[in-house]
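S.K.: One structure is given below, represented as structure tokens, and several questions about it will come after.
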Amino acid sequence: MSTSDQQAPPRFAIPELLIGVGLLACAAAVAWQTLAIPVSPLYSKVGPRVFPYITMAGMVVLSLLLIVAALRGGWQPEEEKETPTDWKSMGFVVAGLVANLTLIHPLGFTAASVIMFVLVCYGFGSRRPLRDVLLGLILALAAYFGFAKALGVNIGAGFVENQLNTVINALIAMVRG
């Protein structure tokens, strides 16, 4: 067998390795923040740290799989590696995430989430902003009221949430008579 018939050993896939290491760093941040969650002695076996720990464990497993794949040459097919990065689209996605982080406190969860949703949709190629606003509003309200009403967790009430809570409370008061 000649050396030209042998395949070259796989080289490290640096971008994929950075993604795996970045995800591992995010898992470490989740662990650090989870340890900061106060636990009351009133909780039995399942407390407020359980789901963050499950999330962190999943992130660790996925990051290790990504790192192993990167060390074996990466997971991207060659034709994907040759495709140039669409920096404009990436900018809209990043702008959506930054907007959510900066606007959630002054505007509330719903408004910040809708803005993020529209920007991310635009980054992924959607050119139907009205549809994206409506879908984002439905998803954000479902998430907000799921956390606020079902779990009793305030994830950032703002003007939209306060107005809807006022309407809901008025309707409940009318029904109870």
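Naming scheme: A, B, ... for chains in displayed order of the structure tokens; residues 1 onward per chain; ligands 1 onward as shown.
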Excluding region 47-50 of chain A and its own-chain neighbours fewer than 5 positions away, which residues fall within 7 Å of it when counting only C-alpha atoms? Please give them as a PyMOL selection string.

M.R.: chain A and resi 34+37+39

S.K.: Store the residues picked out above in a file with C-alpha atoms, as a PDB file, in the first residue's frame.

M.R.:
```pdb
ATOM      1  CA  THR A  34     -26.751  27.233  40.447  1.00  0.00           C
ATOM      2  CA  ILE A  37     -29.370  29.718  44.420  1.00  0.00           C
ATOM      3  CA  VAL A  39     -32.063  26.529  49.229  1.00  0.00           C
TER       4      VAL A  39
END
```

S.K.: I want to know what sits within 12 Å of Gly58 (chain A), based on only C-alpha atoms, with residues of the same chain fewer than 5 positions away left out; could you give that as a list in words?

M.R.: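 In the requested form, the answer reads Leu23, Leu24, Cys26, Ala27, Ala28, Val30, Ala31, Phe51, Pro52, Tyr53, Ser63, Leu64 and Leu65 of chain A.
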
S.K.: Can I get the selected residues back with all heavy atoms, as a tab-separated table (two decimals), in the first residue's frame?

M.R.:
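Okay, again12.tsv is ready:
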```tsv
chain	number	residue	atom	x	y	z
A	23	LEU	N	-19.06	25.78	25.09
A	23	LEU	CA	-20.21	25.17	25.74
A	23	LEU	C	-19.83	24.64	27.12
A	23	LEU	O	-20.61	24.75	28.07
A	23	LEU	CB	-20.80	24.05	24.87
A	23	LEU	CG	-22.06	23.39	25.41
A	23	LEU	CD1	-23.18	24.40	25.59
A	23	LEU	CD2	-22.49	22.26	24.49
A	24	LEU	N	-18.62	24.10	27.24
A	24	LEU	CA	-18.15	23.63	28.55
A	24	LEU	C	-18.01	24.80	29.52
A	24	LEU	O	-18.37	24.68	30.69
A	24	LEU	CB	-16.83	22.88	28.38
A	24	LEU	CG	-16.32	22.12	29.59
A	24	LEU	CD1	-17.32	21.05	30.04
A	24	LEU	CD2	-14.98	21.46	29.27
A	26	CYS	N	-19.81	27.52	29.39
A	26	CYS	CA	-21.19	27.89	29.74
A	26	CYS	C	-21.73	26.94	30.82
A	26	CYS	O	-22.43	27.38	31.74
A	26	CYS	CB	-22.09	27.85	28.51
A	26	CYS	SG	-21.79	29.20	27.36
A	27	ALA	N	-21.40	25.66	30.71
A	27	ALA	CA	-21.83	24.69	31.73
A	27	ALA	C	-21.22	25.04	33.09
A	27	ALA	O	-21.89	24.94	34.12
A	27	ALA	CB	-21.45	23.27	31.32
A	28	ALA	N	-19.97	25.47	33.08
A	28	ALA	CA	-19.32	25.89	34.33
A	28	ALA	C	-20.03	27.12	34.92
A	28	ALA	O	-20.23	27.21	36.13
A	28	ALA	CB	-17.84	26.18	34.09
A	30	VAL	N	-23.19	27.86	34.48
A	30	VAL	CA	-24.47	27.38	35.02
A	30	VAL	C	-24.25	26.75	36.39
A	30	VAL	O	-25.02	26.99	37.33
A	30	VAL	CB	-25.14	26.38	34.05
A	30	VAL	CG1	-26.32	25.69	34.69
A	30	VAL	CG2	-25.58	27.08	32.77
A	31	ALA	N	-23.18	25.97	36.54
A	31	ALA	CA	-22.88	25.35	37.84
A	31	ALA	C	-22.62	26.42	38.89
A	31	ALA	O	-23.13	26.34	40.01
A	31	ALA	CB	-21.68	24.42	37.70
A	51	PHE	N	-33.27	21.32	38.36
A	51	PHE	CA	-33.30	21.50	36.90
A	51	PHE	C	-32.07	22.21	36.37
A	51	PHE	O	-31.57	21.84	35.31
A	51	PHE	CB	-34.60	22.16	36.46
A	51	PHE	CG	-35.77	21.22	36.57
A	51	PHE	CD1	-36.70	21.38	37.58
A	51	PHE	CD2	-35.91	20.15	35.70
A	51	PHE	CE1	-37.77	20.50	37.70
A	51	PHE	CE2	-36.97	19.27	35.82
A	51	PHE	CZ	-37.90	19.43	36.82
A	52	PRO	N	-31.53	23.22	37.06
A	52	PRO	CA	-30.26	23.77	36.57
A	52	PRO	C	-29.13	22.74	36.55
A	52	PRO	O	-28.32	22.73	35.63
A	52	PRO	CB	-29.96	24.90	37.56
A	52	PRO	CG	-31.30	25.32	38.06
A	52	PRO	CD	-32.10	24.04	38.12
A	53	TYR	N	-29.09	21.85	37.54
A	53	TYR	CA	-28.06	20.81	37.54
A	53	TYR	C	-28.27	19.82	36.39
A	53	TYR	O	-27.32	19.37	35.76
A	53	TYR	CB	-28.02	20.06	38.87
A	53	TYR	CG	-27.23	20.77	39.95
A	53	TYR	CD1	-27.70	20.83	41.24
A	53	TYR	CD2	-26.00	21.36	39.67
A	53	TYR	CE1	-26.98	21.48	42.24
A	53	TYR	CE2	-25.28	22.01	40.65
A	53	TYR	CZ	-25.77	22.06	41.94
A	53	TYR	OH	-25.05	22.70	42.91
A	63	SER	N	-20.92	19.09	25.39
A	63	SER	CA	-19.65	19.76	25.12
A	63	SER	C	-18.52	18.74	24.97
A	63	SER	O	-17.66	18.89	24.10
A	63	SER	CB	-19.32	20.78	26.20
A	63	SER	OG	-19.10	20.15	27.45
A	64	LEU	N	-18.53	17.71	25.80
A	64	LEU	CA	-17.49	16.67	25.68
A	64	LEU	C	-17.61	15.93	24.35
A	64	LEU	O	-16.59	15.62	23.70
A	64	LEU	CB	-17.55	15.71	26.86
A	64	LEU	CG	-17.18	16.33	28.22
A	64	LEU	CD1	-17.36	15.32	29.34
A	64	LEU	CD2	-15.76	16.89	28.20
A	65	LEU	N	-18.84	15.64	23.92
A	65	LEU	CA	-19.02	15.00	22.61
A	65	LEU	C	-18.54	15.90	21.48
A	65	LEU	O	-17.92	15.42	20.52
A	65	LEU	CB	-20.50	14.63	22.41
A	65	LEU	CG	-21.04	13.49	23.29
A	65	LEU	CD1	-22.55	13.38	23.15
A	65	LEU	CD2	-20.35	12.18	22.94
```

S.K.: With distances taken over only C-alpha atoms, which of A:Asn154, A:Asn100, A:Gln76, A:Thr85 is nearest to Leu119 (chain A)?

M.R.: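 Counting only C-alpha atoms, the residue closest to Leu119 (chain A) is A:Asn100.
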
S.K.: List every residue of region 12-152 of chain A that DSSP, applied to the backbone, labels as helix (DSSP H, G or I), and write the result as a PyMOL selection string.

M.R.: chain A and resi 14-35+50-71+78-81+87-107+109-123+129-151

S.K.: Would you please work out which residue, of A:Gly177, A:Ala13, A:Ile172, A:Gly156, is nearest to His105 (chain A) when using only C-alpha atoms?

M.R.: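 Going through A:Gly177, A:Ala13, A:Ile172, A:Gly156 one by one, the smallest distance to His105 (chain A) is for A:Gly156.
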
S.K.: Report as an MDAnalysis selection string all protein, DNA and RNA residues lying within 10 Å of Phe145 (chain A), evaluated on only C-alpha atoms, omitting residues in the same chain fewer than 4 positions from it.

M.R.: chainID A and resid 110 140:141 149:155 161 165

S.K.: Next, the residues of the selection above should be written as a PDB file, in the first residue's frame with N, CA, C and O atoms.

M.R.:
```pdb
ATOM      1  N   THR A 110     -41.837  39.987  28.087  1.00  0.00           N
ATOM      2  CA  THR A 110     -42.567  39.814  26.829  1.00  0.00           C
ATOM      3  C   THR A 110     -42.040  40.732  25.744  1.00  0.00           C
ATOM      4  O   THR A 110     -41.715  40.277  24.636  1.00  0.00           O
ATOM      5  N   ALA A 140     -43.875  34.307  23.823  1.00  0.00           N
ATOM      6  CA  ALA A 140     -43.395  35.011  25.020  1.00  0.00           C
ATOM      7  C   ALA A 140     -44.462  35.040  26.110  1.00  0.00           C
ATOM      8  O   ALA A 140     -44.159  34.830  27.289  1.00  0.00           O
ATOM      9  N   LEU A 141     -45.719  35.295  25.720  1.00  0.00           N
ATOM     10  CA  LEU A 141     -46.791  35.305  26.725  1.00  0.00           C
ATOM     11  C   LEU A 141     -47.014  33.920  27.316  1.00  0.00           C
ATOM     12  O   LEU A 141     -47.238  33.788  28.525  1.00  0.00           O
ATOM     13  N   LYS A 149     -47.674  32.090  36.481  1.00  0.00           N
ATOM     14  CA  LYS A 149     -48.891  31.519  37.068  1.00  0.00           C
ATOM     15  C   LYS A 149     -48.708  30.064  37.490  1.00  0.00           C
ATOM     16  O   LYS A 149     -49.111  29.672  38.576  1.00  0.00           O
ATOM     17  N   ALA A 150     -48.122  29.258  36.620  1.00  0.00           N
ATOM     18  CA  ALA A 150     -48.002  27.827  36.926  1.00  0.00           C
ATOM     19  C   ALA A 150     -46.902  27.546  37.940  1.00  0.00           C
ATOM     20  O   ALA A 150     -47.060  26.710  38.818  1.00  0.00           O
ATOM     21  N   LEU A 151     -45.781  28.265  37.826  1.00  0.00           N
ATOM     22  CA  LEU A 151     -44.650  27.990  38.715  1.00  0.00           C
ATOM     23  C   LEU A 151     -44.449  29.041  39.797  1.00  0.00           C
ATOM     24  O   LEU A 151     -43.682  28.833  40.728  1.00  0.00           O
ATOM     25  N   GLY A 152     -45.125  30.177  39.659  1.00  0.00           N
ATOM     26  CA  GLY A 152     -44.969  31.240  40.649  1.00  0.00           C
ATOM     27  C   GLY A 152     -43.616  31.922  40.596  1.00  0.00           C
ATOM     28  O   GLY A 152     -43.137  32.434  41.599  1.00  0.00           O
ATOM     29  N   VAL A 153     -42.982  31.941  39.408  1.00  0.00           N
ATOM     30  CA  VAL A 153     -41.661  32.543  39.254  1.00  0.00           C
ATOM     31  C   VAL A 153     -41.793  33.801  38.411  1.00  0.00           C
ATOM     32  O   VAL A 153     -42.287  33.757  37.284  1.00  0.00           O
ATOM     33  N   ASN A 154     -41.348  34.927  38.943  1.00  0.00           N
ATOM     34  CA  ASN A 154     -41.390  36.187  38.204  1.00  0.00           C
ATOM     35  C   ASN A 154     -40.138  36.274  37.339  1.00  0.00           C
ATOM     36  O   ASN A 154     -39.030  36.374  37.855  1.00  0.00           O
ATOM     37  N   ILE A 155     -40.323  36.235  36.018  1.00  0.00           N
ATOM     38  CA  ILE A 155     -39.170  36.310  35.113  1.00  0.00           C
ATOM     39  C   ILE A 155     -39.058  37.677  34.453  1.00  0.00           C
ATOM     40  O   ILE A 155     -38.351  37.817  33.465  1.00  0.00           O
ATOM     41  N   GLU A 161     -47.118  42.704  30.640  1.00  0.00           N
ATOM     42  CA  GLU A 161     -47.536  41.716  31.639  1.00  0.00           C
ATOM     43  C   GLU A 161     -48.428  42.352  32.709  1.00  0.00           C
ATOM     44  O   GLU A 161     -49.429  41.755  33.114  1.00  0.00           O
ATOM     45  N   ASN A 165     -52.192  41.253  33.461  1.00  0.00           N
ATOM     46  CA  ASN A 165     -52.556  40.804  34.813  1.00  0.00           C
ATOM     47  C   ASN A 165     -53.737  41.598  35.350  1.00  0.00           C
ATOM     48  O   ASN A 165     -54.627  41.041  36.008  1.00  0.00           O
TER      49      ASN A 165
END
```

S.K.: Let me make sure I understand: among A:Phe124, A:Trp75, A:Phe117, A:Phe147, which one has the smallest atom-to-atom distance to Trp87 (chain A) if we use only C-alpha atoms?

M.R.: A:Phe124

S.K.: Counting only C-alpha atoms, what is within 12 Å of region 90-97 of chain A, bar same-chain residues fewer than 2 positions away, as an MDAnalysis selection string?

M.R.: chainID A and resid 84:88 99:104 111:126

S.K.: Give the answer as one residue: which of A:Thr55, A:Phe109, A:Pro129, A:Asn162 has the shortest atom-to-atom distance to Ala143 (chain A), using only C-alpha atoms?

M.R.: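 Under the stated criterion, the closest residue is A:Phe109.
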
S.K.: Might you pull out every residue within 12 Å of Pro15 (chain A), with only C-alpha atoms counted and same-chain residues fewer than 2 positions away left off, and present them as a list in words?

M.R.: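 Once the nearby chain positions are removed, what remains is Arg11, Phe12, Ala13, Leu17, Leu18, Ile19, Gly20, Val21, Gly22, Leu66, Ile67, Ala69, Ala70, Leu71, Gly73, Gly74, Trp75, Gln76 and Lys81 of chain A.
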
S.K.: May I have the selected residues written with N, CA, C and O atoms, as a PDB file, in the first residue's frame?

M.R.:
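Result file is again.pdb:
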```pdb
ATOM      1  N   ARG A  11      -7.070  16.188  11.253  1.00  0.00           N
ATOM      2  CA  ARG A  11      -6.471  17.317  11.958  1.00  0.00           C
ATOM      3  C   ARG A  11      -7.516  17.891  12.921  1.00  0.00           C
ATOM      4  O   ARG A  11      -8.705  17.652  12.777  1.00  0.00           O
ATOM      5  N   PHE A  12      -7.023  18.630  13.874  1.00  0.00           N
ATOM      6  CA  PHE A  12      -7.943  19.261  14.810  1.00  0.00           C
ATOM      7  C   PHE A  12      -8.806  20.262  14.069  1.00  0.00           C
ATOM      8  O   PHE A  12      -8.330  21.010  13.228  1.00  0.00           O
ATOM      9  N   ALA A  13     -10.069  20.291  14.385  1.00  0.00           N
ATOM     10  CA  ALA A  13     -10.987  21.272  13.825  1.00  0.00           C
ATOM     11  C   ALA A  13     -11.137  22.384  14.858  1.00  0.00           C
ATOM     12  O   ALA A  13     -11.932  22.277  15.786  1.00  0.00           O
ATOM     13  N   LEU A  17     -13.738  22.871  17.904  1.00  0.00           N
ATOM     14  CA  LEU A  17     -13.168  22.717  19.244  1.00  0.00           C
ATOM     15  C   LEU A  17     -13.531  23.915  20.122  1.00  0.00           C
ATOM     16  O   LEU A  17     -13.885  23.753  21.293  1.00  0.00           O
ATOM     17  N   LEU A  18     -13.490  25.115  19.546  1.00  0.00           N
ATOM     18  CA  LEU A  18     -13.847  26.315  20.303  1.00  0.00           C
ATOM     19  C   LEU A  18     -15.316  26.287  20.718  1.00  0.00           C
ATOM     20  O   LEU A  18     -15.655  26.733  21.819  1.00  0.00           O
ATOM     21  N   ILE A  19     -16.182  25.760  19.875  1.00  0.00           N
ATOM     22  CA  ILE A  19     -17.601  25.645  20.234  1.00  0.00           C
ATOM     23  C   ILE A  19     -17.759  24.693  21.412  1.00  0.00           C
ATOM     24  O   ILE A  19     -18.473  24.982  22.378  1.00  0.00           O
ATOM     25  N   GLY A  20     -17.078  23.554  21.366  1.00  0.00           N
ATOM     26  CA  GLY A  20     -17.156  22.591  22.464  1.00  0.00           C
ATOM     27  C   GLY A  20     -16.624  23.158  23.766  1.00  0.00           C
ATOM     28  O   GLY A  20     -17.230  23.001  24.833  1.00  0.00           O
ATOM     29  N   VAL A  21     -15.486  23.841  23.685  1.00  0.00           N
ATOM     30  CA  VAL A  21     -14.900  24.446  24.889  1.00  0.00           C
ATOM     31  C   VAL A  21     -15.793  25.582  25.399  1.00  0.00           C
ATOM     32  O   VAL A  21     -15.979  25.741  26.610  1.00  0.00           O
ATOM     33  N   GLY A  22     -16.365  26.354  24.473  1.00  0.00           N
ATOM     34  CA  GLY A  22     -17.280  27.431  24.871  1.00  0.00           C
ATOM     35  C   GLY A  22     -18.508  26.892  25.592  1.00  0.00           C
ATOM     36  O   GLY A  22     -18.953  27.458  26.594  1.00  0.00           O
ATOM     37  N   LEU A  66     -18.809  17.194  21.583  1.00  0.00           N
ATOM     38  CA  LEU A  66     -18.341  18.142  20.571  1.00  0.00           C
ATOM     39  C   LEU A  66     -16.816  18.225  20.555  1.00  0.00           C
ATOM     40  O   LEU A  66     -16.199  18.288  19.479  1.00  0.00           O
ATOM     41  N   ILE A  67     -16.207  18.231  21.725  1.00  0.00           N
ATOM     42  CA  ILE A  67     -14.744  18.295  21.807  1.00  0.00           C
ATOM     43  C   ILE A  67     -14.122  17.045  21.192  1.00  0.00           C
ATOM     44  O   ILE A  67     -13.168  17.124  20.418  1.00  0.00           O
ATOM     45  N   ALA A  69     -15.448  15.088  18.923  1.00  0.00           N
ATOM     46  CA  ALA A  69     -15.656  15.163  17.471  1.00  0.00           C
ATOM     47  C   ALA A  69     -14.660  16.135  16.841  1.00  0.00           C
ATOM     48  O   ALA A  69     -14.121  15.865  15.757  1.00  0.00           O
ATOM     49  N   ALA A  70     -14.395  17.250  17.499  1.00  0.00           N
ATOM     50  CA  ALA A  70     -13.449  18.227  16.968  1.00  0.00           C
ATOM     51  C   ALA A  70     -12.038  17.656  16.927  1.00  0.00           C
ATOM     52  O   ALA A  70     -11.289  17.884  15.973  1.00  0.00           O
ATOM     53  N   LEU A  71     -11.665  16.900  17.931  1.00  0.00           N
ATOM     54  CA  LEU A  71     -10.337  16.291  17.965  1.00  0.00           C
ATOM     55  C   LEU A  71     -10.179  15.205  16.901  1.00  0.00           C
ATOM     56  O   LEU A  71      -9.064  14.888  16.507  1.00  0.00           O
ATOM     57  N   GLY A  73     -11.370  15.591  13.889  1.00  0.00           N
ATOM     58  CA  GLY A  73     -11.447  16.226  12.591  1.00  0.00           C
ATOM     59  C   GLY A  73     -12.669  17.100  12.387  1.00  0.00           C
ATOM     60  O   GLY A  73     -12.806  17.752  11.367  1.00  0.00           O
ATOM     61  N   GLY A  74     -13.570  17.117  13.315  1.00  0.00           N
ATOM     62  CA  GLY A  74     -14.740  17.972  13.224  1.00  0.00           C
ATOM     63  C   GLY A  74     -15.959  17.248  12.707  1.00  0.00           C
ATOM     64  O   GLY A  74     -15.875  16.129  12.214  1.00  0.00           O
ATOM     65  N   TRP A  75     -17.100  17.889  12.838  1.00  0.00           N
ATOM     66  CA  TRP A  75     -18.357  17.275  12.438  1.00  0.00           C
ATOM     67  C   TRP A  75     -18.925  17.893  11.167  1.00  0.00           C
ATOM     68  O   TRP A  75     -19.891  17.404  10.624  1.00  0.00           O
ATOM     69  N   GLN A  76     -18.334  18.976  10.714  1.00  0.00           N
ATOM     70  CA  GLN A  76     -18.848  19.635   9.521  1.00  0.00           C
ATOM     71  C   GLN A  76     -18.344  18.943   8.260  1.00  0.00           C
ATOM     72  O   GLN A  76     -17.154  18.646   8.144  1.00  0.00           O
ATOM     73  N   LYS A  81     -17.676  23.638   5.398  1.00  0.00           N
ATOM     74  CA  LYS A  81     -16.508  24.398   5.838  1.00  0.00           C
ATOM     75  C   LYS A  81     -16.118  25.450   4.811  1.00  0.00           C
ATOM     76  O   LYS A  81     -15.513  26.454   5.148  1.00  0.00           O
TER      77      LYS A  81
END
```

S.K.: Work out how far CA of Gly136 (chain A) is from CA of Leu164 (chain A), in Å to one decimal.

M.R.: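 Distance between the two atoms: 16.3 Å.
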